[in-house]
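See below for my_file.pdb, which holds PDB, C-alpha atoms and all ligand atoms.
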ATOM      1  CA  MET N  29       4.258  51.714  72.318  1.00  0.00           C
ATOM      2  CA  ASP N  30       2.112  52.351  75.391  1.00  0.00           C
ATOM      3  CA  TYR N  31       3.430  53.421  78.740  1.00  0.00           C
ATOM      4  CA  VAL N  32       2.124  52.514  82.194  1.00  0.00           C
ATOM      5  CA  ILE N  33       2.630  54.130  85.598  1.00  0.00           C
ATOM      6  CA  THR N  34       4.679  51.952  87.968  1.00  0.00           C
ATOM      7  CA  GLY N  35       4.444  51.626  91.763  1.00  0.00           C
ATOM      8  CA  ASP N  36       6.647  54.641  92.508  1.00  0.00           C
ATOM      9  CA  GLY N  37       4.812  56.924  90.075  1.00  0.00           C
ATOM     10  CA  SER N  38       7.461  56.731  87.328  1.00  0.00           C
ATOM     11  CA  LYS N  39       6.491  55.504  83.872  1.00  0.00           C
ATOM     12  CA  THR N  40       7.632  52.461  81.948  1.00  0.00           C
ATOM     13  CA  LEU N  41       6.934  51.146  78.463  1.00  0.00           C
ATOM     14  CA  TYR N  42       5.084  47.960  77.607  1.00  0.00           C
ATOM     15  CA  ASN N  43       6.474  45.970  74.680  1.00  0.00           C
ATOM     16  CA  GLU N  44       3.548  43.996  73.260  1.00  0.00           C
ATOM     17  CA  GLN N  45       5.658  41.794  71.002  1.00  0.00           C
ATOM     18  CA  VAL N  46       7.782  40.605  73.906  1.00  0.00           C
ATOM     19  CA  GLY N  47       4.916  40.759  76.423  1.00  0.00           C
ATOM     20  CA  GLU N  48       6.957  42.624  78.990  1.00  0.00           C
ATOM     21  CA  HIS N  49       7.580  46.022  80.552  1.00  0.00           C
ATOM     22  CA  TYR N  50      10.909  47.817  80.196  1.00  0.00           C
ATOM     23  CA  HIS N  51      11.227  48.173  83.987  1.00  0.00           C
ATOM     24  CA  SER N  52       9.776  46.735  87.187  1.00  0.00           C
ATOM     25  CA  LYS N  53       6.069  47.474  87.604  1.00  0.00           C
ATOM     26  CA  HIS N  54       6.833  48.028  91.299  1.00  0.00           C
ATOM     27  CA  GLY N  55       8.840  51.120  90.414  1.00  0.00           C
ATOM     28  CA  ALA N  56      10.909  51.901  87.338  1.00  0.00           C
ATOM     29  CA  LEU N  57      12.888  54.671  89.008  1.00  0.00           C
ATOM     30  CA  GLN N  58      13.469  52.710  92.230  1.00  0.00           C
ATOM     31  CA  GLU N  59      14.685  49.691  90.262  1.00  0.00           C
ATOM     32  CA  ALA N  60      17.084  51.713  88.116  1.00  0.00           C
ATOM     33  CA  LYS N  61      18.507  53.498  91.162  1.00  0.00           C
ATOM     34  CA  HIS N  62      18.812  50.388  93.298  1.00  0.00           C
ATOM     35  CA  VAL N  63      20.030  47.738  90.850  1.00  0.00           C
ATOM     36  CA  PHE N  64      22.204  49.698  88.485  1.00  0.00           C
ATOM     37  CA  LEU N  65      23.233  52.975  90.132  1.00  0.00           C
ATOM     38  CA  LYS N  66      23.644  51.875  93.756  1.00  0.00           C
ATOM     39  CA  SER N  67      24.483  48.163  93.496  1.00  0.00           C
ATOM     40  CA  GLY N  68      26.559  48.564  90.312  1.00  0.00           C
ATOM     41  CA  LEU N  69      28.147  51.969  89.755  1.00  0.00           C
ATOM     42  CA  GLN N  70      28.347  53.227  93.333  1.00  0.00           C
ATOM     43  CA  PHE N  71      29.524  49.822  94.589  1.00  0.00           C
ATOM     44  CA  SER N  72      32.350  49.897  92.029  1.00  0.00           C
ATOM     45  CA  LEU N  73      33.357  53.430  93.047  1.00  0.00           C
ATOM     46  CA  ILE N  74      33.341  52.523  96.746  1.00  0.00           C
ATOM     47  CA  GLN N  75      35.553  49.515  96.065  1.00  0.00           C
ATOM     48  CA  GLU N  76      37.992  51.635  94.111  1.00  0.00           C
ATOM     49  CA  PRO N  77      37.457  55.402  94.449  1.00  0.00           C
ATOM     50  CA  ARG N  78      38.421  57.216  91.229  1.00  0.00           C
ATOM     51  CA  ASN N  79      37.375  60.112  89.022  1.00  0.00           C
ATOM     52  CA  THR N  80      36.640  58.196  85.799  1.00  0.00           C
ATOM     53  CA  VAL N  81      34.313  55.271  85.201  1.00  0.00           C
ATOM     54  CA  SER N  82      33.084  53.307  82.209  1.00  0.00           C
ATOM     55  CA  VAL N  83      29.765  51.491  81.888  1.00  0.00           C
ATOM     56  CA  LEU N  84      28.440  49.035  79.299  1.00  0.00           C
ATOM     57  CA  GLU N  85      24.672  48.560  79.312  1.00  0.00           C
ATOM     58  CA  ILE N  86      22.906  45.695  77.588  1.00  0.00           C
ATOM     59  CA  GLY N  87      19.447  46.995  76.606  1.00  0.00           C
ATOM     60  CA  PHE N  88      19.679  50.820  76.507  1.00  0.00           C
ATOM     61  CA  GLY N  89      15.919  51.276  75.924  1.00  0.00           C
ATOM     62  CA  THR N  90      14.631  54.578  77.284  1.00  0.00           C
ATOM     63  CA  GLY N  91      18.025  55.616  78.670  1.00  0.00           C
ATOM     64  CA  LEU N  92      16.783  55.788  82.276  1.00  0.00           C
ATOM     65  CA  ASN N  93      19.841  53.965  83.638  1.00  0.00           C
ATOM     66  CA  PHE N  94      22.065  56.220  81.574  1.00  0.00           C
ATOM     67  CA  ILE N  95      20.611  59.537  82.707  1.00  0.00           C
ATOM     68  CA  LEU N  96      20.696  58.534  86.382  1.00  0.00           C
ATOM     69  CA  THR N  97      24.329  57.446  85.972  1.00  0.00           C
ATOM     70  CA  ALA N  98      25.267  60.627  84.105  1.00  0.00           C
ATOM     71  CA  ASP N  99      23.469  62.782  86.692  1.00  0.00           C
ATOM     72  CA  TYR N 100      25.392  61.097  89.522  1.00  0.00           C
ATOM     73  CA  CYS N 101      28.744  61.352  87.748  1.00  0.00           C
ATOM     74  CA  VAL N 102      28.297  65.025  86.816  1.00  0.00           C
ATOM     75  CA  ALA N 103      27.361  65.887  90.431  1.00  0.00           C
ATOM     76  CA  GLN N 104      30.388  63.940  91.762  1.00  0.00           C
ATOM     77  CA  HIS N 105      32.835  65.322  89.152  1.00  0.00           C
ATOM     78  CA  ILE N 106      33.487  61.858  87.726  1.00  0.00           C
ATOM     79  CA  ALA N 107      34.158  61.489  83.989  1.00  0.00           C
ATOM     80  CA  LEU N 108      31.783  58.914  82.492  1.00  0.00           C
ATOM     81  CA  ASP N 109      32.303  56.771  79.401  1.00  0.00           C
ATOM     82  CA  TYR N 110      28.964  55.037  78.703  1.00  0.00           C
ATOM     83  CA  CYS N 111      28.084  52.574  75.963  1.00  0.00           C
ATOM     84  CA  GLY N 112      24.587  51.136  75.606  1.00  0.00           C
ATOM     85  CA  ILE N 113      23.764  48.256  73.272  1.00  0.00           C
ATOM     86  CA  GLU N 114      20.277  48.451  71.799  1.00  0.00           C
ATOM     87  CA  ALA N 115      18.893  46.310  68.969  1.00  0.00           C
ATOM     88  CA  PHE N 116      15.682  48.344  68.640  1.00  0.00           C
ATOM     89  CA  PRO N 117      16.354  52.002  69.526  1.00  0.00           C
ATOM     90  CA  LEU N 118      13.327  54.021  70.559  1.00  0.00           C
ATOM     91  CA  ASP N 119      12.365  57.249  68.845  1.00  0.00           C
ATOM     92  CA  LEU N 120      13.336  60.287  70.857  1.00  0.00           C
ATOM     93  CA  SER N 121       9.644  61.301  70.986  1.00  0.00           C
ATOM     94  CA  VAL N 122       8.840  58.075  72.860  1.00  0.00           C
ATOM     95  CA  ILE N 123      11.687  58.650  75.314  1.00  0.00           C
ATOM     96  CA  GLU N 124      10.500  62.227  75.923  1.00  0.00           C
ATOM     97  CA  GLN N 125       6.994  60.963  76.773  1.00  0.00           C
ATOM     98  CA  MET N 126       8.451  59.108  79.759  1.00  0.00           C
ATOM     99  CA  GLU N 127       9.151  62.422  81.546  1.00  0.00           C
ATOM    100  CA  TYR N 128      12.359  61.107  83.108  1.00  0.00           C
ATOM    101  CA  ASN N 129      13.607  64.701  82.959  1.00  0.00           C
ATOM    102  CA  ASN N 130      11.912  64.998  86.375  1.00  0.00           C
ATOM    103  CA  PHE N 131      14.576  62.741  87.918  1.00  0.00           C
ATOM    104  CA  VAL N 132      17.814  64.444  86.836  1.00  0.00           C
ATOM    105  CA  ALA N 133      19.404  67.886  86.567  1.00  0.00           C
ATOM    106  CA  GLU N 134      18.045  69.937  83.687  1.00  0.00           C
ATOM    107  CA  ASN N 135      21.411  70.200  81.909  1.00  0.00           C
ATOM    108  CA  VAL N 136      21.935  66.417  82.054  1.00  0.00           C
ATOM    109  CA  TRP N 137      18.532  65.828  80.475  1.00  0.00           C
ATOM    110  CA  ASP N 138      19.074  68.506  77.819  1.00  0.00           C
ATOM    111  CA  ASP N 139      22.502  67.074  76.942  1.00  0.00           C
ATOM    112  CA  PHE N 140      20.972  63.605  76.605  1.00  0.00           C
ATOM    113  CA  VAL N 141      18.049  64.479  74.357  1.00  0.00           C
ATOM    114  CA  SER N 142      19.996  66.878  72.171  1.00  0.00           C
ATOM    115  CA  ASN N 143      22.728  64.279  71.550  1.00  0.00           C
ATOM    116  CA  TYR N 144      20.685  61.048  71.463  1.00  0.00           C
ATOM    117  CA  ASN N 145      20.610  60.726  67.687  1.00  0.00           C
ATOM    118  CA  MET N 146      24.336  61.512  67.379  1.00  0.00           C
ATOM    119  CA  ALA N 147      25.154  58.883  70.022  1.00  0.00           C
ATOM    120  CA  LEU N 148      23.323  56.321  67.880  1.00  0.00           C
ATOM    121  CA  LYS N 149      25.884  56.985  65.141  1.00  0.00           C
ATOM    122  CA  GLY N 150      28.947  56.475  67.364  1.00  0.00           C
ATOM    123  CA  GLU N 151      30.781  57.626  70.471  1.00  0.00           C
ATOM    124  CA  HIS N 152      29.856  61.225  71.179  1.00  0.00           C
ATOM    125  CA  LYS N 153      30.748  63.682  73.944  1.00  0.00           C
ATOM    126  CA  ILE N 154      27.426  64.988  75.255  1.00  0.00           C
ATOM    127  CA  ASN N 155      29.120  67.406  77.671  1.00  0.00           C
ATOM    128  CA  GLN N 156      32.568  67.977  79.176  1.00  0.00           C
ATOM    129  CA  ALA N 157      32.369  64.967  81.470  1.00  0.00           C
ATOM    130  CA  VAL N 158      30.173  62.427  79.703  1.00  0.00           C
ATOM    131  CA  SER N 159      30.609  60.457  76.504  1.00  0.00           C
ATOM    132  CA  LEU N 160      27.789  58.293  75.161  1.00  0.00           C
ATOM    133  CA  GLN N 161      27.603  55.681  72.439  1.00  0.00           C
ATOM    134  CA  ILE N 162      24.453  53.693  71.666  1.00  0.00           C
ATOM    135  CA  ALA N 163      25.447  50.677  69.597  1.00  0.00           C
ATOM    136  CA  HIS N 164      22.476  49.982  67.328  1.00  0.00           C
ATOM    137  CA  GLN N 165      22.923  46.239  67.021  1.00  0.00           C
ATOM    138  CA  LYS N 166      22.085  42.902  68.597  1.00  0.00           C
ATOM    139  CA  VAL N 167      24.220  42.088  71.582  1.00  0.00           C
ATOM    140  CA  LEU N 168      25.958  39.130  69.898  1.00  0.00           C
ATOM    141  CA  ASP N 169      27.018  41.371  66.991  1.00  0.00           C
ATOM    142  CA  PHE N 170      28.547  43.968  69.331  1.00  0.00           C
ATOM    143  CA  GLN N 171      32.341  44.349  69.309  1.00  0.00           C
ATOM    144  CA  ILE N 172      34.511  47.053  70.842  1.00  0.00           C
ATOM    145  CA  ASP N 173      38.226  47.296  71.550  1.00  0.00           C
ATOM    146  CA  LYS N 174      38.040  48.468  75.142  1.00  0.00           C
ATOM    147  CA  LEU N 175      37.039  47.058  78.523  1.00  0.00           C
ATOM    148  CA  PHE N 176      34.511  48.513  80.973  1.00  0.00           C
ATOM    149  CA  ASP N 177      34.413  48.887  84.771  1.00  0.00           C
ATOM    150  CA  VAL N 178      30.726  48.041  85.169  1.00  0.00           C
ATOM    151  CA  ILE N 179      28.144  46.101  83.153  1.00  0.00           C
ATOM    152  CA  TYR N 180      24.449  46.883  83.552  1.00  0.00           C
ATOM    153  CA  PHE N 181      22.679  43.785  82.225  1.00  0.00           C
ATOM    154  CA  ASP N 182      19.102  44.954  81.605  1.00  0.00           C
ATOM    155  CA  ALA N 183      17.641  42.448  79.146  1.00  0.00           C
ATOM    156  CA  PHE N 184      14.004  41.385  79.138  1.00  0.00           C
ATOM    157  CA  ALA N 185      13.382  38.440  81.478  1.00  0.00           C
ATOM    158  CA  ALA N 186      14.546  34.944  80.564  1.00  0.00           C
ATOM    159  CA  VAL N 187      10.967  33.645  80.216  1.00  0.00           C
ATOM    160  CA  HIS N 188      10.437  36.096  77.348  1.00  0.00           C
ATOM    161  CA  GLN N 189      13.939  36.303  75.858  1.00  0.00           C
ATOM    162  CA  PRO N 190      15.912  33.209  76.942  1.00  0.00           C
ATOM    163  CA  GLU N 191      18.638  33.796  74.339  1.00  0.00           C
ATOM    164  CA  MET N 192      19.720  36.979  76.169  1.00  0.00           C
ATOM    165  CA  TRP N 193      20.557  34.873  79.251  1.00  0.00           C
ATOM    166  CA  SER N 194      22.273  32.004  77.422  1.00  0.00           C
ATOM    167  CA  ASP N 195      25.863  30.971  78.168  1.00  0.00           C
ATOM    168  CA  GLU N 196      26.818  32.281  74.736  1.00  0.00           C
ATOM    169  CA  THR N 197      25.415  35.776  75.374  1.00  0.00           C
ATOM    170  CA  LEU N 198      26.756  36.013  78.923  1.00  0.00           C
ATOM    171  CA  ALA N 199      30.241  34.885  77.808  1.00  0.00           C
ATOM    172  CA  HIS N 200      30.178  37.415  74.964  1.00  0.00           C
ATOM    173  CA  VAL N 201      29.234  40.263  77.301  1.00  0.00           C
ATOM    174  CA  ALA N 202      31.663  39.212  80.045  1.00  0.00           C
ATOM    175  CA  LYS N 203      34.561  39.627  77.584  1.00  0.00           C
ATOM    176  CA  PHE N 204      34.081  43.405  77.723  1.00  0.00           C
ATOM    177  CA  LEU N 205      34.512  43.693  81.500  1.00  0.00           C
ATOM    178  CA  LYS N 206      37.852  44.549  83.151  1.00  0.00           C
ATOM    179  CA  PRO N 207      39.297  42.141  85.719  1.00  0.00           C
ATOM    180  CA  GLY N 208      37.733  43.217  89.031  1.00  0.00           C
ATOM    181  CA  GLY N 209      34.794  44.704  87.108  1.00  0.00           C
ATOM    182  CA  ILE N 210      31.207  44.513  88.354  1.00  0.00           C
ATOM    183  CA  PHE N 211      28.276  42.879  86.527  1.00  0.00           C
ATOM    184  CA  VAL N 212      24.806  43.655  87.890  1.00  0.00           C
ATOM    185  CA  THR N 213      21.334  42.599  86.894  1.00  0.00           C
ATOM    186  CA  TYR N 214      17.882  42.774  88.483  1.00  0.00           C
ATOM    187  CA  ALA N 215      17.337  39.002  88.481  1.00  0.00           C
ATOM    188  CA  ILE N 216      18.975  35.987  90.053  1.00  0.00           C
ATOM    189  CA  THR N 217      18.420  32.347  89.078  1.00  0.00           C
ATOM    190  CA  GLY N 218      20.312  29.110  89.575  1.00  0.00           C
ATOM    191  CA  ASN N 219      21.190  29.001  85.883  1.00  0.00           C
ATOM    192  CA  LEU N 220      22.510  32.543  85.892  1.00  0.00           C
ATOM    193  CA  LYS N 221      24.654  31.900  88.969  1.00  0.00           C
ATOM    194  CA  ARG N 222      26.091  28.715  87.440  1.00  0.00           C
ATOM    195  CA  SER N 223      26.848  30.450  84.127  1.00  0.00           C
ATOM    196  CA  MET N 224      28.571  33.395  85.787  1.00  0.00           C
ATOM    197  CA  LYS N 225      30.643  31.153  88.074  1.00  0.00           C
ATOM    198  CA  ALA N 226      31.753  29.118  85.051  1.00  0.00           C
ATOM    199  CA  LEU N 227      32.861  32.382  83.407  1.00  0.00           C
ATOM    200  CA  GLY N 228      35.177  33.132  86.333  1.00  0.00           C
ATOM    201  CA  PHE N 229      32.990  35.466  88.361  1.00  0.00           C
ATOM    202  CA  SER N 230      32.451  35.521  92.099  1.00  0.00           C
ATOM    203  CA  ILE N 231      28.748  35.702  92.823  1.00  0.00           C
ATOM    204  CA  GLU N 232      26.910  37.798  95.375  1.00  0.00           C
ATOM    205  CA  LYS N 233      23.221  37.788  96.171  1.00  0.00           C
ATOM    206  CA  ALA N 234      22.441  41.432  96.834  1.00  0.00           C
ATOM    207  CA  PRO N 235      19.091  42.693  98.195  1.00  0.00           C
ATOM    208  CA  GLY N 236      16.675  43.188  95.294  1.00  0.00           C
ATOM    209  CA  ALA N 237      14.752  46.269  94.226  1.00  0.00           C
ATOM    210  CA  PRO N 238      11.211  46.657  95.660  1.00  0.00           C
ATOM    211  CA  GLY N 239       9.151  43.643  94.530  1.00  0.00           C
ATOM    212  CA  LYS N 240      12.213  41.338  94.248  1.00  0.00           C
ATOM    213  CA  ARG N 241      13.953  39.695  97.187  1.00  0.00           C
ATOM    214  CA  GLU N 242      17.360  39.360  95.583  1.00  0.00           C
ATOM    215  CA  MET N 243      19.426  40.427  92.590  1.00  0.00           C
ATOM    216  CA  LEU N 244      22.767  39.305  91.215  1.00  0.00           C
ATOM    217  CA  ARG N 245      26.055  41.100  91.524  1.00  0.00           C
ATOM    218  CA  ALA N 246      29.043  39.291  90.045  1.00  0.00           C
ATOM    219  CA  ILE N 247      32.692  40.337  90.203  1.00  0.00           C
ATOM    220  CA  LYS N 248      35.127  39.228  87.510  1.00  0.00           C
ATOM    221  CA  TYR N 249      38.398  37.692  88.657  1.00  0.00           C
TER     222      TYR N 249
HETATM  223  C1  LIG Y 301      14.325  45.556  79.867  1.00  0.00           C
HETATM  224  S1  LIG Y 301      14.499  46.547  78.435  1.00  0.00           S
HETATM  225  C2  LIG Y 301      15.762  47.689  78.877  1.00  0.00           C
HETATM  226  C3  LIG Y 301      15.310  48.890  79.631  1.00  0.00           C
HETATM  227  C4  LIG Y 301      16.305  50.019  79.584  1.00  0.00           C
HETATM  228  N1  LIG Y 301      17.525  49.728  80.263  1.00  0.00           N
HETATM  229  C5  LIG Y 301      15.668  51.287  80.065  1.00  0.00           C
HETATM  230  O1  LIG Y 301      16.109  51.862  81.074  1.00  0.00           O
HETATM  231  O2  LIG Y 301      14.720  51.730  79.428  1.00  0.00           O
HETATM  232  C6  LIG Y 301      15.394  45.470  77.337  1.00  0.00           C
HETATM  233  C7  LIG Y 301      15.971  46.136  76.120  1.00  0.00           C
HETATM  234  O3  LIG Y 301      16.737  45.195  75.373  1.00  0.00           O
HETATM  235  C8  LIG Y 301      16.563  45.458  73.990  1.00  0.00           C
HETATM  236  N2  LIG Y 301      16.917  44.239  73.238  1.00  0.00           N
HETATM  237  C9  LIG Y 301      16.136  43.183  72.927  1.00  0.00           C
HETATM  238  N3  LIG Y 301      16.833  42.247  72.258  1.00  0.00           N
HETATM  239  C10 LIG Y 301      18.093  42.702  72.155  1.00  0.00           C
HETATM  240  C11 LIG Y 301      19.296  42.187  71.557  1.00  0.00           C
HETATM  241  N4  LIG Y 301      19.328  40.982  70.971  1.00  0.00           N
HETATM  242  N5  LIG Y 301      20.407  42.941  71.620  1.00  0.00           N
HETATM  243  C12 LIG Y 301      20.391  44.171  72.225  1.00  0.00           C
HETATM  244  N6  LIG Y 301      19.294  44.703  72.798  1.00  0.00           N
HETATM  245  C13 LIG Y 301      18.165  43.989  72.763  1.00  0.00           C
HETATM  246  C14 LIG Y 301      15.105  45.843  73.909  1.00  0.00           C
HETATM  247  O4  LIG Y 301      14.830  46.547  72.715  1.00  0.00           O
HETATM  248  C15 LIG Y 301      14.926  46.682  75.172  1.00  0.00           C
HETATM  249  O5  LIG Y 301      15.204  48.033  74.929  1.00  0.00           O
END
Could you show the structure in this file as structure tokens?
Amino acid sequence: MDYVITGDGSKTLYNEQVGEHYHSKHGALQEAKHVFLKSGLQFSLIQEPRNTVSVLEIGFGTGLNFILTADYCVAQHIALDYCGIEAFPLDLSVIEQMEYNNFVAENVWDDFVSNYNMALKGEHKINQAVSLQIAHQKVLDFQIDKLFDVIYFDAFAAVHQPEMWSDETLAHVAKFLKPGGIFVTYAITGNLKRSMKALGFSIEKAPGAPGKREMLRAIKY
């Protein structure tokens, strides 16, 4: 798979079969930090300050959202329980080509790459504070017997993968969020807002990452 340089100098992958990049072309790093870290994780921790947090990501891909989240949690002394769902896991060599090590502490990066393949086999402690599981399956096949504080919904866009944004998929994913939990994604459409409201979420239009006016944040009641 080929990578391209995005607007902020960070790399992203191009998936030819799907016809889409893994991140915003305006800036992969900026998007990950804005949509998922700031508007999702940090928002949740501001609402309810605590020293443990759990995150479920739909579309683990290169792990950029994970390493930024782990880096933040390690620096803030917050224990992180992270589960990423990924139907088509990337080879570690592809992930290493992205050079995302430049964006996080060296130990966080080293813990990620040295434990990536173990995390694909099941929940695995990558250091004292962070546990990682990468569920190698399609989102609709995913089951787990716990609930999460935050959902990072990072599927390819609806024009390319409409089934990821269907009522069935959103309802399936929403089941794994705690009451009061936060669901964030980079996009916002009328259909998405209607689906999330019907699932019992309150909807917020948050400012989007560079290149997008708005994004969706939804809180489960
Ligand atoms: C927009 S990319 C995610 C980017 C990722 N968060 C990152 O930081 O690199 C979408 C991801 O969803 C994965 N995917 C596609 N179909 C899926 C499915 N049915 N279930 C789970 N993951 C899927 C793709 O393989 C891809 O890694």
*Can you tell me which residues sit at most 6 Å away from ligand LIG 301 (chain Y), counting only C-alpha atoms and all ligand atoms, written as a ChimeraX atom specification?*
/N:50-51,87-93,113-116,166-167,182-184
_Please enumerate the residues selected by the PyMOL selection byres (((chain N and resi 212) around 6) and not hetatm) when evaluated against the supplied file, formatted as a list in words._
Gly68, Tyr180, Phe211, Thr213, Leu244 and Arg245 of chain N
Could you work out an axis-aligned bounding box for all listed atoms of range 41-57 of chain N, with 8 Å added on each of the six sides, and give its centre and edge lengths in Å to one decimal, as JSON?
{"center_x": 8.2, "center_y": 47.6, "center_z": 81.2, "size_x": 25.3, "size_y": 30.1, "size_z": 36.3}
_Measuring between only C-alpha atoms, which one of N:Lys248, N:His62, N:His105, N:Lys39 shows the shortest distance to Val158 in chain N?_
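Counting only C-alpha atoms, the residue closest to Val158 in chain N is N:His105.
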_Atomic distance CA of Thr217 in chain N - CA of Ala185 in chain N, expressed in Å with one decimal_ = 11.0 Å
*Between N:Leu168, N:Ile106, N:Lys233, N:Met243, which has the minimum distance to Ser194 in chain N (counting all atoms listed in the file)?*
N:Leu168
*Using only C-alpha atoms, which residues sit within 10 Å of Trp193 in chain N once same-chain residues fewer than 6 positions away are excluded, as an MDAnalysis selection string?*
chainID N and resid 181 183:187 199 219:220 223
_N:Gln104, N:Gln156, N:Ser121, N:Thr34 ranked by distance to His49 in chain N, top pick (using all atoms listed in the file)_ =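 Of all the options, N:Thr34 lies closest to His49 in chain N.
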*When the PyMOL selection byres (((chain N and resi 71-79) around 10) and not hetatm) is applied to the file above, which residues end up in the set, as a list in words?*
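Taken over the shown coordinates, the PyMOL selection byres (((chain N and resi 71-79) around 10) and not hetatm) returns Phe64, Leu65, Lys66, Ser67, Gly68, Leu69, Gln70, Thr80, Val81, Cys101, Gln104, His105, Ile106, Ala107, Leu108, Asp177, Val178, Gly208, Gly209, Ile210, Phe211, Arg245 and Ile247 of chain N.
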*Using all atoms listed in the file, which residue out of N:Tyr249, N:Ile154, N:Tyr110, N:Val141 lies closest to Ile123 in chain N?*
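Of all the options, N:Val141 lies closest to Ile123 in chain N.
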Reconstruct N, CA, C and O atoms of range 210-224 of chain N from the incomplete input and present them as a CSV table (one decimal), in the frame of the given file.
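Output saved as part.csv:
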chain,number,residue,atom,x,y,z
N,210,ILE,N,32.5,44.9,87.7
N,210,ILE,CA,31.2,44.5,88.4
N,210,ILE,C,30.1,44.3,87.3
N,210,ILE,O,29.9,45.2,86.4
N,211,PHE,N,29.4,43.2,87.4
N,211,PHE,CA,28.3,42.9,86.5
N,211,PHE,C,27.0,42.9,87.4
N,211,PHE,O,27.0,42.1,88.4
N,212,VAL,N,26.0,43.7,87.1
N,212,VAL,CA,24.8,43.7,87.9
N,212,VAL,C,23.6,43.4,87.0
N,212,VAL,O,23.6,43.9,85.8
N,213,THR,N,22.6,42.7,87.6
N,213,THR,CA,21.3,42.6,86.9
N,213,THR,C,20.2,42.5,88.0
N,213,THR,O,20.5,42.1,89.1
N,214,TYR,N,19.0,42.7,87.5
N,214,TYR,CA,17.9,42.8,88.5
N,214,TYR,C,17.4,41.4,88.9
N,214,TYR,O,16.7,41.3,89.9
N,215,ALA,N,17.9,40.3,88.2
N,215,ALA,CA,17.3,39.0,88.5
N,215,ALA,C,18.4,38.1,89.1
N,215,ALA,O,19.6,38.5,89.1
N,216,ILE,N,18.0,37.0,89.6
N,216,ILE,CA,19.0,36.0,90.1
N,216,ILE,C,18.3,34.6,89.9
N,216,ILE,O,17.2,34.4,90.5
N,217,THR,N,18.9,33.7,89.2
N,217,THR,CA,18.4,32.3,89.1
N,217,THR,C,19.6,31.4,89.2
N,217,THR,O,20.8,31.8,89.1
N,218,GLY,N,19.3,30.1,89.5
N,218,GLY,CA,20.3,29.1,89.6
N,218,GLY,C,21.1,29.0,88.3
N,218,GLY,O,22.4,29.0,88.4
N,219,ASN,N,20.5,29.1,87.2
N,219,ASN,CA,21.2,29.0,85.9
N,219,ASN,C,22.2,30.2,85.7
N,219,ASN,O,23.3,30.0,85.3
N,220,LEU,N,21.7,31.3,86.0
N,220,LEU,CA,22.5,32.5,85.9
N,220,LEU,C,23.7,32.4,86.8
N,220,LEU,O,24.9,32.7,86.4
N,221,LYS,N,23.5,32.0,88.0
N,221,LYS,CA,24.7,31.9,89.0
N,221,LYS,C,25.7,30.9,88.4
N,221,LYS,O,26.9,31.1,88.5
N,222,ARG,N,25.2,29.8,88.0
N,222,ARG,CA,26.1,28.7,87.4
N,222,ARG,C,26.9,29.3,86.2
N,222,ARG,O,28.1,29.1,86.1
N,223,SER,N,26.2,29.9,85.3
N,223,SER,CA,26.8,30.4,84.1
N,223,SER,C,27.9,31.5,84.5
N,223,SER,O,29.0,31.4,84.0
N,224,MET,N,27.6,32.4,85.4
N,224,MET,CA,28.6,33.4,85.8
N,224,MET,C,29.8,32.8,86.5
N,224,MET,O,30.9,33.2,86.3
